[in-house]
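Colleague: Structure: upload.cif, mmCIF, C-alpha atoms.
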```
data_structure
loop_
_atom_site.group_PDB
_atom_site.id
_atom_site.type_symbol
_atom_site.label_atom_id
_atom_site.label_comp_id
_atom_site.auth_asym_id
_atom_site.auth_seq_id
_atom_site.Cartn_x
_atom_site.Cartn_y
_atom_site.Cartn_z
ATOM 1 C CA MET A 1 -22.537 -10.342 12.382
ATOM 2 C CA ALA A 2 -21.484 -8.084 9.529
ATOM 3 C CA ASP A 3 -25.045 -6.814 9.000
ATOM 4 C CA LYS A 4 -25.633 -5.882 12.628
ATOM 5 C CA PRO A 5 -24.169 -2.773 14.243
ATOM 6 C CA LEU A 6 -21.137 -3.676 16.299
ATOM 7 C CA THR A 7 -20.974 -3.148 20.008
ATOM 8 C CA SER A 8 -17.867 -1.402 21.288
ATOM 9 C CA ARG A 9 -16.538 -4.796 22.355
ATOM 10 C CA GLY A 10 -17.316 -6.276 18.922
ATOM 11 C CA ALA A 11 -15.639 -3.339 17.189
ATOM 12 C CA ALA A 12 -12.558 -3.819 19.372
ATOM 13 C CA THR A 13 -12.430 -7.535 18.527
ATOM 14 C CA ARG A 14 -12.864 -6.828 14.822
ATOM 15 C CA GLN A 15 -10.032 -4.279 14.965
ATOM 16 C CA ARG A 16 -7.746 -6.715 16.832
ATOM 17 C CA ILE A 17 -8.379 -9.270 14.085
ATOM 18 C CA LEU A 18 -7.532 -6.695 11.407
ATOM 19 C CA ASP A 19 -4.377 -5.575 13.204
ATOM 20 C CA VAL A 20 -3.062 -9.101 13.760
ATOM 21 C CA ALA A 21 -4.080 -10.318 10.312
ATOM 22 C CA THR A 22 -2.330 -7.399 8.625
ATOM 23 C CA GLY A 23 0.992 -8.599 10.007
ATOM 24 C CA GLU A 24 0.178 -12.241 9.313
ATOM 25 C CA PHE A 25 -0.726 -11.620 5.663
ATOM 26 C CA ALA A 26 2.175 -9.218 5.127
ATOM 27 C CA GLU A 27 4.617 -11.829 6.387
ATOM 28 C CA HIS A 28 3.109 -15.037 4.984
ATOM 29 C CA GLY A 29 0.855 -14.055 2.088
ATOM 30 C CA ILE A 30 -2.679 -15.271 1.533
ATOM 31 C CA ALA A 31 -1.853 -18.959 1.167
ATOM 32 C CA GLY A 32 0.660 -18.974 4.018
ATOM 33 C CA ALA A 33 -1.384 -17.003 6.551
ATOM 34 C CA ARG A 34 -2.989 -19.152 9.226
ATOM 35 C CA VAL A 35 -6.380 -18.395 10.739
ATOM 36 C CA ASP A 36 -5.370 -20.278 13.903
ATOM 37 C CA ARG A 37 -2.440 -17.891 14.460
ATOM 38 C CA ILE A 38 -4.622 -14.867 13.753
ATOM 39 C CA VAL A 39 -7.398 -15.782 16.188
ATOM 40 C CA ALA A 40 -4.937 -16.814 18.902
ATOM 41 C CA ALA A 41 -3.011 -13.544 18.668
ATOM 42 C CA ALA A 42 -6.249 -11.515 18.414
ATOM 43 C CA ARG A 43 -7.671 -13.303 21.476
ATOM 44 C CA THR A 44 -10.832 -14.383 19.673
ATOM 45 C CA ASN A 45 -12.158 -17.421 17.799
ATOM 46 C CA LYS A 46 -12.735 -18.585 14.250
ATOM 47 C CA ALA A 47 -16.493 -18.072 14.485
ATOM 48 C CA GLN A 48 -16.011 -14.363 15.137
ATOM 49 C CA LEU A 49 -13.433 -14.003 12.374
ATOM 50 C CA TYR A 50 -15.709 -15.732 9.867
ATOM 51 C CA GLY A 51 -18.711 -13.813 11.171
ATOM 52 C CA TYR A 52 -16.988 -10.489 10.496
ATOM 53 C CA PHE A 53 -15.193 -11.346 7.263
ATOM 54 C CA GLY A 54 -16.768 -14.508 5.816
ATOM 55 C CA SER A 55 -13.479 -16.224 4.993
ATOM 56 C CA LYS A 56 -9.730 -15.861 5.169
ATOM 57 C CA GLU A 57 -9.857 -14.360 1.678
ATOM 58 C CA GLY A 58 -12.557 -11.916 2.787
ATOM 59 C CA LEU A 59 -10.318 -10.864 5.669
ATOM 60 C CA PHE A 60 -7.411 -10.301 3.284
ATOM 61 C CA ASP A 61 -9.685 -8.293 0.973
ATOM 62 C CA ALA A 62 -10.737 -6.031 3.858
ATOM 63 C CA ILE A 63 -7.119 -5.462 4.866
ATOM 64 C CA PHE A 64 -5.892 -4.915 1.321
ATOM 65 C CA SER A 65 -8.686 -2.452 0.538
ATOM 66 C CA ALA A 66 -7.914 -0.498 3.710
ATOM 67 C CA SER A 67 -4.198 -0.433 2.829
ATOM 68 C CA LEU A 68 -4.951 1.090 -0.592
ATOM 69 C CA GLU A 69 -7.215 3.687 0.994
ATOM 70 C CA ARG A 70 -4.526 4.488 3.554
ATOM 71 C CA ILE A 71 -1.928 5.235 0.875
ATOM 72 C CA VAL A 72 -4.368 7.521 -0.971
ATOM 73 C CA THR A 73 -5.389 9.316 2.225
ATOM 74 C CA VAL A 74 -2.033 9.553 3.981
ATOM 75 C CA VAL A 75 -0.053 10.317 0.830
ATOM 76 C CA PRO A 76 -2.323 12.379 -1.415
ATOM 77 C CA ILE A 77 -0.996 13.210 -4.839
ATOM 78 C CA ASP A 78 0.222 16.667 -5.723
ATOM 79 C CA ALA A 79 0.600 16.639 -9.501
ATOM 80 C CA ALA A 80 2.358 20.013 -9.368
ATOM 81 C CA ASP A 81 5.022 18.280 -7.237
ATOM 82 C CA LEU A 82 5.167 14.642 -8.323
ATOM 83 C CA ALA A 83 8.739 14.445 -7.038
ATOM 84 C CA GLY A 84 7.542 15.439 -3.576
ATOM 85 C CA TRP A 85 4.750 12.871 -3.832
ATOM 86 C CA ALA A 86 7.323 10.178 -4.643
ATOM 87 C CA VAL A 87 9.353 11.147 -1.568
ATOM 88 C CA ARG A 88 6.241 11.025 0.641
ATOM 89 C CA LEU A 89 5.465 7.552 -0.741
ATOM 90 C CA TYR A 90 9.056 6.486 0.059
ATOM 91 C CA ASP A 91 8.571 7.706 3.634
ATOM 92 C CA GLU A 92 5.246 5.885 3.985
ATOM 93 C CA TYR A 93 6.853 2.635 2.805
ATOM 94 C CA LEU A 94 9.462 3.095 5.546
ATOM 95 C CA ARG A 95 6.735 3.652 8.152
ATOM 96 C CA ARG A 96 4.461 0.881 6.888
ATOM 97 C CA PRO A 97 6.383 -1.767 4.916
ATOM 98 C CA ASP A 98 3.417 -4.087 5.426
ATOM 99 C CA LEU A 99 1.409 -2.028 2.907
ATOM 100 C CA ILE A 100 3.849 -2.859 0.108
ATOM 101 C CA ARG A 101 4.075 -6.480 1.185
ATOM 102 C CA LEU A 102 0.283 -6.836 1.038
ATOM 103 C CA ALA A 103 0.230 -5.432 -2.496
ATOM 104 C CA THR A 104 3.031 -7.813 -3.451
ATOM 105 C CA TRP A 105 1.110 -10.828 -2.171
ATOM 106 C CA GLU A 106 -1.975 -9.653 -4.081
ATOM 107 C CA ARG A 107 0.166 -9.476 -7.226
ATOM 108 C CA LEU A 108 1.867 -12.840 -6.643
ATOM 109 C CA GLU A 109 -1.122 -14.863 -5.528
ATOM 110 C CA ARG A 110 -4.067 -13.306 -7.334
ATOM 111 C CA ARG A 111 -3.278 -10.852 -10.127
ATOM 112 C CA PRO A 112 -0.054 -11.584 -11.937
ATOM 113 C CA ALA A 113 -0.986 -9.210 -14.786
ATOM 114 C CA GLY A 114 -3.061 -6.112 -15.355
ATOM 115 C CA HIS A 115 -4.341 -3.747 -12.690
ATOM 116 C CA LEU A 116 -3.828 -4.733 -9.076
ATOM 117 C CA VAL A 117 -7.549 -4.337 -8.322
ATOM 118 C CA ASP A 118 -10.815 -4.463 -10.260
ATOM 119 C CA ASP A 119 -11.822 -1.271 -12.013
ATOM 120 C CA SER A 120 -14.581 -0.716 -9.443
ATOM 121 C CA ALA A 121 -12.014 -0.755 -6.614
ATOM 122 C CA ARG A 122 -9.380 1.435 -8.256
ATOM 123 C CA LEU A 123 -8.654 4.636 -6.408
ATOM 124 C CA ASP A 124 -6.612 6.400 -9.065
ATOM 125 C CA ASP A 125 -9.218 8.546 -10.870
ATOM 126 C CA ALA A 126 -8.341 11.689 -8.914
ATOM 127 C CA LYS A 127 -4.617 11.026 -9.389
ATOM 128 C CA LEU A 128 -5.000 10.589 -13.128
ATOM 129 C CA ARG A 129 -7.094 13.751 -13.424
ATOM 130 C CA ALA A 130 -4.502 15.683 -11.424
ATOM 131 C CA ILE A 131 -1.698 14.492 -13.691
ATOM 132 C CA ALA A 132 -3.739 15.310 -16.819
ATOM 133 C CA ASP A 133 -4.427 18.798 -15.426
ATOM 134 C CA ALA A 134 -0.708 19.275 -14.727
ATOM 135 C CA GLN A 135 0.045 18.175 -18.274
ATOM 136 C CA ALA A 136 -2.495 20.654 -19.641
ATOM 137 C CA ALA A 137 -0.828 23.378 -17.547
ATOM 138 C CA GLY A 138 2.537 22.470 -19.086
ATOM 139 C CA ILE A 139 4.253 21.400 -15.841
ATOM 140 C CA VAL A 140 4.303 17.649 -16.518
ATOM 141 C CA ARG A 141 5.496 15.963 -19.704
ATOM 142 C CA GLU A 142 3.090 14.530 -22.225
ATOM 143 C CA GLY A 143 2.207 10.872 -22.074
ATOM 144 C CA ASP A 144 -0.432 8.595 -20.683
ATOM 145 C CA PRO A 145 -1.238 9.843 -17.144
ATOM 146 C CA PHE A 146 -1.505 6.264 -15.900
ATOM 147 C CA ASP A 147 1.954 5.390 -17.225
ATOM 148 C CA LEU A 148 3.453 8.508 -15.648
ATOM 149 C CA MET A 149 1.794 7.696 -12.324
ATOM 150 C CA ALA A 150 3.041 4.090 -12.515
ATOM 151 C CA MET A 151 6.579 5.300 -13.249
ATOM 152 C CA VAL A 152 6.612 7.688 -10.285
ATOM 153 C CA ILE A 153 5.218 5.011 -7.960
ATOM 154 C CA ALA A 154 7.804 2.496 -9.197
ATOM 155 C CA MET A 155 10.600 4.986 -8.591
ATOM 156 C CA SER A 156 9.305 5.633 -5.072
ATOM 157 C CA MET A 157 9.522 1.883 -4.401
ATOM 158 C CA ALA A 158 13.180 1.575 -5.445
ATOM 159 C CA TRP A 159 14.267 0.861 -1.848
ATOM 160 C CA SER A 160 10.988 -0.614 -0.578
ATOM 161 C CA PRO A 161 10.435 -4.190 0.663
ATOM 162 C CA VAL A 162 9.789 -5.257 -2.948
ATOM 163 C CA SER A 163 13.149 -4.023 -4.242
ATOM 164 C CA ASN A 164 15.216 -6.641 -6.029
ATOM 165 C CA VAL A 165 18.336 -4.780 -5.008
ATOM 166 C CA TYR A 166 18.009 -3.349 -1.498
ATOM 167 C CA ALA A 167 15.162 -2.945 0.995
ATOM 168 C CA ALA A 168 15.591 0.074 3.246
ATOM 169 C CA SER A 169 14.353 0.192 6.811
ATOM 170 C CA ASP A 170 13.478 2.942 9.242
ATOM 171 C CA GLN A 171 16.390 1.709 11.382
ATOM 172 C CA GLU A 172 18.996 3.073 8.967
ATOM 173 C CA ALA A 173 20.893 6.305 9.473
ATOM 174 C CA PRO A 174 18.814 9.398 8.665
ATOM 175 C CA GLU A 175 21.572 10.530 6.299
ATOM 176 C CA SER A 176 20.996 7.473 4.109
ATOM 177 C CA HIS A 177 17.331 8.335 3.789
ATOM 178 C CA GLU A 178 18.087 11.964 3.015
ATOM 179 C CA GLN A 179 20.445 10.921 0.215
ATOM 180 C CA ARG A 180 17.806 8.616 -1.246
ATOM 181 C CA ARG A 181 15.107 11.273 -0.969
ATOM 182 C CA ALA A 182 17.309 13.782 -2.796
ATOM 183 C CA LEU A 183 18.128 11.292 -5.552
ATOM 184 C CA LEU A 184 14.482 10.258 -5.859
ATOM 185 C CA ARG A 185 13.280 13.856 -6.001
ATOM 186 C CA ASP A 186 15.828 14.806 -8.665
ATOM 187 C CA SER A 187 15.195 11.656 -10.727
ATOM 188 C CA VAL A 188 11.417 12.071 -10.730
ATOM 189 C CA GLN A 189 11.738 15.750 -11.645
ATOM 190 C CA ARG A 190 13.862 14.791 -14.641
ATOM 191 C CA VAL A 191 11.466 12.051 -15.747
ATOM 192 C CA ILE A 192 8.310 14.176 -15.575
ATOM 193 C CA ALA A 193 9.786 17.446 -16.839
ATOM 194 C CA PRO A 194 8.037 18.714 -19.965
ATOM 195 C CA GLY A 195 9.861 18.958 -23.243
#
```
Go ahead and express the file in the form of structure tokens.
Modeller:
Amino acid sequence: MADKPLTSRGAATRQRILDVATGEFAEHGIAGARVDRIVAAARTNKAQLYGYFGSKEGLFDAIFSASLERIVTVVPIDAADLAGWAVRLYDEYLRRPDLIRLATWERLERRPAGHLVDDSARLDDAKLRAIADAQAAGIVREGDPFDLMAMVIAMSMAWSPVSNVYAASDQEAPESHEQRRALLRDSVQRVIAPG
């Protein structure tokens, strides 16, 4: 099925599977997700799921890859304003907590150390170049661009679903989010300031 062009009905079924499976994997992880629940909620069958994705792991890979691309596309880096980028990441984690949960399951169940994805699947080249350019322009402190990027991302996740202290939700008072955004912005600016 994957090699043939999809009909509009096939594309709709494939998208239903992706939508349902995203929630299933975010909630239960790779090992805990159940194909039976996914196909029932997507109103399809196992043969179609396996035809589109090959396996449960292949389905997770498709979802995880799309979630990484979404973060890069929806929250593009601005190395001249890494503090603003951190705040936009914070907001995206509020809108889509499933994206962070998927990355957490990938870390817990597949890659406990090193990069979260293979080098061929990493989407951080443009980010690292942007940070290096900002360093060369004197607006971002010296240091390994990857480590600076990792620090800013980690700070943006302080109140995300992976926080060991407190996981924020979009149901909280807007004032709480504004206070966190201000603290995050100020903290990142201090961390990345040159000199």
Colleague: Which residues match the PyMOL selection byres ((chain A and resi 46-54) around 10) in the file above, as a JSON list (two decimals) with C-alpha atoms, in the coordinates of the input?
Modeller:
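Ended up saving to part.json:
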```
[["chain", "number", "residue", "atom", "x", "y", "z"],
["A", 1, "MET", "CA", -22.54, -10.34, 12.38],
["A", 2, "ALA", "CA", -21.48, -8.08, 9.53],
["A", 3, "ASP", "CA", -25.04, -6.81, 9.00],
["A", 6, "LEU", "CA", -21.14, -3.68, 16.30],
["A", 10, "GLY", "CA", -17.32, -6.28, 18.92],
["A", 11, "ALA", "CA", -15.64, -3.34, 17.19],
["A", 13, "THR", "CA", -12.43, -7.54, 18.53],
["A", 14, "ARG", "CA", -12.86, -6.83, 14.82],
["A", 17, "ILE", "CA", -8.38, -9.27, 14.08],
["A", 18, "LEU", "CA", -7.53, -6.70, 11.41],
["A", 35, "VAL", "CA", -6.38, -18.40, 10.74],
["A", 36, "ASP", "CA", -5.37, -20.28, 13.90],
["A", 38, "ILE", "CA", -4.62, -14.87, 13.75],
["A", 39, "VAL", "CA", -7.40, -15.78, 16.19],
["A", 40, "ALA", "CA", -4.94, -16.81, 18.90],
["A", 42, "ALA", "CA", -6.25, -11.52, 18.41],
["A", 44, "THR", "CA", -10.83, -14.38, 19.67],
["A", 45, "ASN", "CA", -12.16, -17.42, 17.80],
["A", 55, "SER", "CA", -13.48, -16.22, 4.99],
["A", 56, "LYS", "CA", -9.73, -15.86, 5.17],
["A", 57, "GLU", "CA", -9.86, -14.36, 1.68],
["A", 58, "GLY", "CA", -12.56, -11.92, 2.79],
["A", 59, "LEU", "CA", -10.32, -10.86, 5.67],
["A", 60, "PHE", "CA", -7.41, -10.30, 3.28],
["A", 61, "ASP", "CA", -9.68, -8.29, 0.97],
["A", 62, "ALA", "CA", -10.74, -6.03, 3.86]]
```
Colleague: Using all atoms listed in the file, pick whichever of A:Leu94, A:Ile100, A:Met157, A:Leu184 has the shortest atom-to-atom distance to A:Ser169.
Modeller: A:Leu94
Colleague: What's the separation between atom CA of A:Ala168 and atom CA of A:Ala41, in Å to one decimal place?
Modeller: 27.7 Å
Colleague: Which residues are close to A:Glu27, i.e. within 9 Å by all atoms listed in the file, leaving aside same-chain residues fewer than 6 positions away? Reply as a VMD selection string.
Modeller: chain A and resid 33 98 101 to 102
Colleague: Atom CA of A:Trp105 to atom CA of A:Tyr93: how many Å, to one decimal?
Modeller: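 The value is 15.5 Å.
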Colleague: Which residues, written as a list in words, have at least one atom at most 9 Å from A:Leu116, with all atoms listed in the file counted and residues fewer than 3 positions away on the same chain left out?
Modeller: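 Neighbouring residues, sequence-local ones excluded: Ala103, Glu106, Arg107, Arg110, Arg111, Pro112, Ala113 and Arg122 of chain A.
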Colleague: Okay, now the selection with C-alpha atoms, as a PDB file, in the frame of the given file?
Modeller:
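And here is the file that came out, out39.pdb:
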```pdb
ATOM      1  CA  ALA A 103       0.230  -5.432  -2.496  1.00  0.00           C
ATOM      2  CA  GLU A 106      -1.975  -9.653  -4.081  1.00  0.00           C
ATOM      3  CA  ARG A 107       0.166  -9.476  -7.226  1.00  0.00           C
ATOM      4  CA  ARG A 110      -4.067 -13.306  -7.334  1.00  0.00           C
ATOM      5  CA  ARG A 111      -3.278 -10.852 -10.127  1.00  0.00           C
ATOM      6  CA  PRO A 112      -0.054 -11.584 -11.937  1.00  0.00           C
ATOM      7  CA  ALA A 113      -0.986  -9.210 -14.786  1.00  0.00           C
ATOM      8  CA  ARG A 122      -9.380   1.435  -8.256  1.00  0.00           C
TER       9      ARG A 122
END
```
Colleague: Neighbouring residues of stretch 132-146 of chain A were defined as those with any atom within 10 Å, considering only C-alpha atoms; residues of the same chain fewer than 4 positions away were excluded. Please report them as a ChimeraX atom specification.
Modeller: /A:78-82,124-128,150-152,189-195
Colleague: So the first atom is atom CA of A:Asp119 and the second is atom CA of A:Phe64; what is the distance between them in Å, to one decimal place?
Modeller: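 It comes out at 15.0 Å.
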Colleague: Please determine, counting only C-alpha atoms, which residue among A:Leu123, A:Val188, A:Ala12, A:Ala182 has the shortest atom-to-atom distance to A:Ala154.
Modeller: A:Val188
